[in-house]
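Shown next, in structure tokens, is the structure this report addresses.
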Amino acid sequence: MALDRNLKMGMVGGGPGAFIGDVHRKASRMDGGVQLVAGAFDIDPKKSKQMGKELLLDPKRVYGTYKDMIEGELKLPEGERIDFVSITTPNNWHFPIAKAFLEAGFHVMCEKPMTFNVKEAKELKQIVKKSKKVFGLMHNYTGYPMVKLARDMVRGGELGNIRKIVVQYPQGWLATALEKAGSMQASWRTDPKQSGGAGCIGDIGTHAENLAEYITGLKITKLCADLSIFVKGRKLDDDGNILLRFNNGASGVLHASQVSIGEENNLAIWIYGEKKGLEWHQEHPNYLYVKEPNGPVQVWRRGNDYVGAKSAAAGRATRLPFGHPEAFFEAFANNYCNFTDTVRASITKKKPDPLFLDFPNVDDGLRGMLFIETVLESTKSKQKWTKFHK
Ligand code: NAD
């Protein structure tokens, strides 16, 4: 039987002035069937209460800490207590919070990078397995319909054997020491105690790595990284250039930067096979460009029947007809849609449709953490190539 009630969502993080928690709140309810009922929204309990008030939540379910939230929710009967929690705090908190909620029997949607280090990521993988709960990771760029179309084209063999992958994520917003000017988002991202061993590479390089592996189904096997810190006094990388090799022999280039002045969120990918190439840009996400030798460039446009006919996942990830742009919120909502349908299947003890399982999970999170660790080792190494860590 289908679940005959809303899924109940809790949130940790996303307090007043926070960025991504609010995106989660909006995206998770885009398709209905999900209701935010509880939260520990801020590191400061007073601000958590303030946020709960703004969100018109029952004050009894707005908690000072995530531990109080687990204790309080467990006192409520099943069906009334939260079904899942979304973790939208800085990186250092992801692991302890995810662990605590999974062990208390809740499903978890977590922000990236998944944990603070590889050790935690490996442990979390075991915890997820043991808990039998659903774990989603918010690599939101996999949620775009045209990314899903690209994946189905590449994995369906249309491009032929993949030879080369170029992926980039340049931003310019950290080109000055914003962390010293009171920016909440800049301050924890540039602090090794909250961000982890990497800055830019952990924050956005992992999105690029995840996108390349998601579309191609290939795995990075070795890399050669050159990270830099350009802003004086900063402790973590704010720019990185990385050569890649994949498990089928394909070569690749990944660059990410937060000091590329003038760039906003210029995530883009180019994939070249033996027969065709393709190109996708996050800032113009409704178009996928397919290129053949000796022919005009094809522009595949979201919302057309021919897209859904080629890729069921892209069709499912589309809400509006062609020409009405869909973008960041919708891609987030697509990951939520698949995650929450999988949670519903788990609650009703049904096997989830394979299409539902198309959202990043704990294995992707571990790949991301291994990527960061390998990049950090490579940048210190004098050798050309460093093997991707296991
Ligand atoms: P932010 O600084 O805007 O917000 C962080 C919020 O977490 C704040 O409200 C803070 O008070 C709260 N917080 C911190 N520790 C807490 C704790 N122990 N308990 C409860 N609340 C706590 O940060 P942000 O930019 O929203 O980033 C948050 C996370 O989301 C990071 O892990 C980041 O990497 C990730 N992120 C992902 C995307 C994406 O596109 N997927 C985009 C931005 C950020």
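Going through the structure tokens in order, the chains are called A, B, and so on, while each chain numbers its residues from 1 and the ligands are numbered from 1 in the order shown.
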
Exercise. Tell me, which residues of segment 150-321 of chain A carry DSSP strand (DSSP E), written as a ChimeraX atom specification?
Worked result: /A:162-170,220-228,239-246,251-257,268-273,277-281,287-291,298-301

Protein and nucleic residues near ligand 1, 6 Å, only C-alpha atoms and all ligand atoms, as a CSV table (one decimal) with C-alpha atoms, in the first residue's frame:
chain,number,residue,atom,x,y,z
A,12,VAL,CA,19.8,20.3,11.3
A,13,GLY,CA,21.5,23.6,10.2
A,14,GLY,CA,19.8,26.2,8.0
A,15,GLY,CA,19.5,28.8,10.7
A,16,PRO,CA,19.0,32.6,10.1
A,18,ALA,CA,22.3,30.3,6.2
A,19,PHE,CA,22.4,29.5,2.5
A,20,ILE,CA,21.7,25.9,1.7
A,21,GLY,CA,19.2,24.9,4.4
A,40,ALA,CA,17.8,22.2,15.3
A,41,PHE,CA,18.6,25.0,12.9
A,42,ASP,CA,21.6,26.7,14.3
A,43,ILE,CA,24.7,26.2,16.4
A,65,THR,CA,20.8,20.9,19.6
A,66,TYR,CA,20.6,17.8,17.3
A,88,THR,CA,22.8,21.3,6.2
A,89,THR,CA,25.6,22.3,8.6
A,90,PRO,CA,29.2,22.9,7.8
A,91,ASN,CA,31.3,19.8,7.0
A,93,TRP,CA,29.3,18.3,11.7
A,111,GLU,CA,25.1,17.8,2.4
A,112,LYS,CA,28.4,17.2,0.7
A,113,PRO,CA,31.3,16.7,1.2
A,138,MET,CA,23.2,16.3,-2.0
A,139,HIS,CA,25.3,16.3,-5.1
A,140,ASN,CA,22.5,18.3,-6.6
A,184,MET,CA,29.5,33.3,7.5
A,185,GLN,CA,29.8,31.2,4.4
A,203,ASP,CA,33.7,22.5,-1.5

Problem set entry | Nearest to Asp353 of chain A, chosen from A:Asp4, A:Gln258, A:Phe329, A:Ala313, with only C-alpha atoms counted in the distances | A:Ala313

For this session: Enumerate the residues of segment 273-381 of chain A with a DSSP assignment of helix (DSSP H, G or I), computed from the backbone, and present them as a ChimeraX atom specification.
Result: /A:305-310,312-316,328-347,362-380

Do a neighbour search on Val343 of chain A at 8 Å with only C-alpha atoms, toss out local chain neighbours closer than 3 positions, and write the hits as a PDB file with C-alpha atoms, in the first residue's frame.
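What landed in out.pdb:
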ATOM      1  CA  HIS A 107      16.643   8.164   7.248  1.00  0.00           C
ATOM      2  CA  VAL A 134      18.061   5.385   3.288  1.00  0.00           C
ATOM      3  CA  PHE A 339      15.248  10.036  -2.105  1.00  0.00           C
ATOM      4  CA  THR A 340      11.777  10.463  -0.551  1.00  0.00           C
ATOM      5  CA  SER A 346      11.310   1.568   2.842  1.00  0.00           C
ATOM      6  CA  ILE A 347       8.502   2.567   5.244  1.00  0.00           C
TER       7      ILE A 347
END

For this session: Might you pull out every residue within 9 Å of Tyr63 of chain A, with only C-alpha atoms counted and same-chain residues fewer than 6 positions away left off, and present them as a PyMOL selection string?
Result: chain A and resi 38-41+45+48-49+52+69+72

Please write the residues from the selection above to a file, keeping C-alpha atoms, as a PDB file, in the first residue's frame.
ATOM      1  CA  ALA A  38      11.142  19.777  13.454  1.00  0.00           C
ATOM      2  CA  GLY A  39      14.634  21.202  13.519  1.00  0.00           C
ATOM      3  CA  ALA A  40      17.796  22.176  15.343  1.00  0.00           C
ATOM      4  CA  PHE A  41      18.556  24.953  12.923  1.00  0.00           C
ATOM      5  CA  PRO A  45      20.064  27.477  20.331  1.00  0.00           C
ATOM      6  CA  SER A  48      17.403  27.838  16.240  1.00  0.00           C
ATOM      7  CA  LYS A  49      14.272  28.902  18.156  1.00  0.00           C
ATOM      8  CA  GLY A  52      11.533  27.704  14.059  1.00  0.00           C
ATOM      9  CA  MET A  69      16.099  16.690  18.685  1.00  0.00           C
ATOM     10  CA  GLY A  72      12.516  14.638  21.668  1.00  0.00           C
TER      11      GLY A  72
END

Exercise. In Å, how far is it from atom CA of Lys384 of chain A to atom CA of Ala256 of chain A?
Worked result: 19.4 Å

For this session: Please provide the set of residues having any atom within 10 Å of segment 272-288 of chain A, restricted to only C-alpha atoms, with same-chain residues fewer than 2 positions apart removed, written as a PyMOL selection string.
Result: chain A and resi 141+144-147+149-150+153-154+157-169+250+264-270+290-293+297-303+322-328+331

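Nearest to Ser311 of chain A of all the residues A:Lys180, A:Lys8, A:Lys350, A:Lys148 is A:Lys148, based on only C-alpha atoms.
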
Exercise. What is the distance, in Å and to one decimal place, between atom CA of Gly79 of chain A and atom CA of Lys132 of chain A?
Worked result: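 Value for the atom CA of Gly79 of chain A-atom CA of Lys132 of chain A distance: 18.1 Å.
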
Problem set entry | Non-local contacts of Leu178 of chain A (12 Å; only C-alpha atoms; under 6 positions in same chain excluded) as a ChimeraX atom specification | /A:172,184-190,231-234,258-259
